[in-house]
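Below is one structure, written out as structure tokens; the observations come after it.
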Amino acid sequence: MKISDILLFDKNVQETKEYFDQFYQNILDNLHNFPTGRNNYKNILFFQTINLCKEVIYLIEKHQFLSVPIVLRTTLESFLKLSDIVNNGNDGINRIISSDIAEKEKILKSGLVDPQDMPVTLADLQNEKNKYQSQIINGDKDFKLTHQAKNYSDYMLSAIMLYSKYSHSTLAMLQQLYTPNDNNLIFHPHISAEYKLQYLQTLKRIIRELKVIYNEHMAI
């Protein structure tokens, strides 16, 4: 990356941070308007997504680009769950709860946990999952990340697929980061300028769309 490109990127980062900070402060100033309680799933996912965005900005500012796509991937999943609830109401909530129950089923079936240490049985979980799934009128019975991303936009699906490669440490992605002919890469893995810019563009897109959700569905 040329010096001029670095300066332009840093300027872009600073502008993104200023835009985000203004939005974040507006949220803080209006916290009293948000309902409280553990069942306010829309609020929980909104705050989780906005705080993950805050952490991504911090990582980019500190040039910790190796972890940026991993956190971005989590941010995107949180945002897509929020979007499902905003757009589909109870269907989205029941879909996400059903998926959480399915994860508990996997843990219990894995044999890694003693069933006696679990407060519920597989039958209990299945009955509970069926209860929530039976209330879903439209769409999948469980939250499926790639399906939700595809339905949202082609860009969102591409971002999920790309950042998942980092999250799962796929060999193809690692080979791009570390090459055996340059020992310096052990301490400074190669993150291309194009990828850095894409991270920032993804972050900016999430922040903009969070602001739309906030203004249209959450601001009072």
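Here's how to read the names in the structure tokens: chain A, B, ... by the order shown, residue numbers from 1 in each chain, ligand numbers from 1 in the order shown.
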Can I get the residues of region 14-106 of chain A within 7 Å of region 138-160 of chain A, each with the closest pair of atoms and their distance in Å to one decimal, using only C-alpha atoms, sorted chain first then ascending number, as a tab-separated table?
```
residue	atom	partner	partner_atom	distance
A:Arg73	CA	A:Ile160	CA	6.2
A:Glu77	CA	A:Leu145	CA	6.8
A:Leu80	CA	A:Gln148	CA	6.8
A:Asp91	CA	A:Asn138	CA	6.9
A:Arg95	CA	A:Asp142	CA	4.8
A:Ile96	CA	A:Phe143	CA	5.4
A:Ser98	CA	A:Asp142	CA	5.7
A:Ser99	CA	A:Asp142	CA	5.0
```
Create the file for the chosen residues now, containing N, CA and C atoms and written as a PDB file, in the first residue's frame.
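Saved to again31.pdb:
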```
ATOM      1  N   ARG A  73     -17.538 -11.123  11.116  1.00  0.00           N
ATOM      2  CA  ARG A  73     -18.426 -12.240  10.831  1.00  0.00           C
ATOM      3  C   ARG A  73     -19.473 -12.383  11.933  1.00  0.00           C
ATOM      4  N   GLU A  77     -23.640 -11.761  11.693  1.00  0.00           N
ATOM      5  CA  GLU A  77     -24.648 -12.717  12.165  1.00  0.00           C
ATOM      6  C   GLU A  77     -25.606 -12.040  13.147  1.00  0.00           C
ATOM      7  N   LEU A  80     -27.933  -9.805  11.141  1.00  0.00           N
ATOM      8  CA  LEU A  80     -28.944 -10.539  10.376  1.00  0.00           C
ATOM      9  C   LEU A  80     -30.050 -11.084  11.281  1.00  0.00           C
ATOM     10  N   ASP A  91     -42.066 -14.311  14.051  1.00  0.00           N
ATOM     11  CA  ASP A  91     -41.448 -15.392  13.263  1.00  0.00           C
ATOM     12  C   ASP A  91     -39.930 -15.372  13.446  1.00  0.00           C
ATOM     13  N   ARG A  95     -37.722 -18.196  15.346  1.00  0.00           N
ATOM     14  CA  ARG A  95     -36.693 -18.846  14.540  1.00  0.00           C
ATOM     15  C   ARG A  95     -35.362 -18.865  15.293  1.00  0.00           C
ATOM     16  N   ILE A  96     -35.022 -17.732  15.902  1.00  0.00           N
ATOM     17  CA  ILE A  96     -33.749 -17.614  16.615  1.00  0.00           C
ATOM     18  C   ILE A  96     -33.761 -18.463  17.886  1.00  0.00           C
ATOM     19  N   SER A  98     -35.552 -21.120  18.387  1.00  0.00           N
ATOM     20  CA  SER A  98     -35.500 -22.511  17.940  1.00  0.00           C
ATOM     21  C   SER A  98     -34.072 -22.933  17.634  1.00  0.00           C
ATOM     22  N   SER A  99     -33.313 -22.053  17.003  1.00  0.00           N
ATOM     23  CA  SER A  99     -31.921 -22.360  16.676  1.00  0.00           C
ATOM     24  C   SER A  99     -31.067 -22.496  17.935  1.00  0.00           C
TER      25      SER A  99
END
```
Residues within 12 Å of Glu103 (chain A), only C-alpha atoms, excluding chain neighbours under 6 positions, as a PyMOL selection string: chain A and resi 96-97+109-110+122+125-126+129+142-143
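Around Met173 (chain A), within 12 Å and counting only C-alpha atoms, the residues found are A:Leu66, A:Pro69, A:Met161, A:Leu162, A:Tyr163, A:Ser164, A:Lys165, A:Tyr166, A:Ser167, A:His168, A:Tyr178, A:Thr179, A:Pro189, A:His190, A:Ile191, once anything fewer than 5 positions away on its own chain is removed.
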Same residues, C-alpha atoms, saved as an mmCIF file, in the first residue's frame:
```cif
data_model
loop_
_atom_site.group_PDB
_atom_site.id
_atom_site.type_symbol
_atom_site.label_atom_id
_atom_site.label_comp_id
_atom_site.auth_asym_id
_atom_site.auth_seq_id
_atom_site.Cartn_x
_atom_site.Cartn_y
_atom_site.Cartn_z
ATOM 1 C CA LEU A 66 -6.035 -10.519 11.555
ATOM 2 C CA PRO A 69 -12.830 -10.351 9.773
ATOM 3 C CA MET A 161 -18.772 -16.532 3.030
ATOM 4 C CA LEU A 162 -15.493 -14.590 2.999
ATOM 5 C CA TYR A 163 -15.278 -13.853 6.706
ATOM 6 C CA SER A 164 -16.282 -17.394 7.631
ATOM 7 C CA LYS A 165 -13.055 -18.565 5.986
ATOM 8 C CA TYR A 166 -11.148 -16.566 8.586
ATOM 9 C CA SER A 167 -13.347 -17.703 11.468
ATOM 10 C CA HIS A 168 -12.796 -21.358 10.592
ATOM 11 C CA TYR A 178 1.547 -16.990 5.670
ATOM 12 C CA THR A 179 4.104 -18.030 3.066
ATOM 13 C CA PRO A 189 0.784 -11.811 8.221
ATOM 14 C CA HIS A 190 -0.032 -10.256 4.882
ATOM 15 C CA ILE A 191 -3.414 -8.530 4.761
#
```
Every residue of region 100-214 of chain A that DSSP places in helix (DSSP H, G or I), as a count of residues only: 81
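The two atoms in question, CA of Ile101 (chain A) and CA of Glu55 (chain A), are spaced 28.1 Å apart.
Ranking A:Arg205, A:Ile136, A:Gln198, A:Asp10 by their shortest atom-to-atom distance to Lys62 (chain A), with only C-alpha atoms included, puts A:Asp10 first.
With distances restricted to only C-alpha atoms, A:Leu203 is the closest residue to Phe20 (chain A) from A:Val212, A:Leu203, A:Leu72, A:Leu197.
Between CA of Ile207 (chain A) and CA of Lys17 (chain A) lies a distance of 10.3 Å.
Using only C-alpha atoms, the smallest distance between any of A:His217, A:Ile206, A:Lys211, A:Tyr41 and Ile27 (chain A) comes from A:Lys211.
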Determine, counting only C-alpha atoms, which protein, DNA and RNA residues have an atom within 12 Å of an atom of Asp124 (chain A); residues of the same chain fewer than 3 positions away are not included. Present the result as a PDB file with C-alpha atoms, in the first residue's frame.
```
ATOM      1  CA  ILE A 101     -32.485 -24.828  21.420  1.00  0.00           C
ATOM      2  CA  ALA A 102     -31.042 -26.846  18.516  1.00  0.00           C
ATOM      3  CA  LYS A 104     -28.352 -27.214  23.151  1.00  0.00           C
ATOM      4  CA  GLU A 105     -29.514 -30.446  21.529  1.00  0.00           C
ATOM      5  CA  LEU A 108     -26.365 -32.937  24.748  1.00  0.00           C
ATOM      6  CA  MET A 118     -28.132 -30.902  32.276  1.00  0.00           C
ATOM      7  CA  PRO A 119     -31.332 -29.482  33.769  1.00  0.00           C
ATOM      8  CA  VAL A 120     -33.318 -30.718  30.742  1.00  0.00           C
ATOM      9  CA  THR A 121     -33.484 -33.874  28.637  1.00  0.00           C
ATOM     10  CA  ASN A 127     -40.744 -30.442  22.772  1.00  0.00           C
ATOM     11  CA  GLU A 128     -39.645 -26.887  23.450  1.00  0.00           C
ATOM     12  CA  LYS A 129     -38.210 -26.495  19.937  1.00  0.00           C
ATOM     13  CA  ASN A 130     -41.391 -27.891  18.394  1.00  0.00           C
ATOM     14  CA  LYS A 131     -43.404 -25.354  20.368  1.00  0.00           C
TER      15      LYS A 131
END
```
Exercise: Gln14 (chain A) partners within 12 Å, only C-alpha atoms, chain neighbours under 6 positions left out, as a ChimeraX atom specification: /A:7-8,20-21,57-58,60-61,200,204
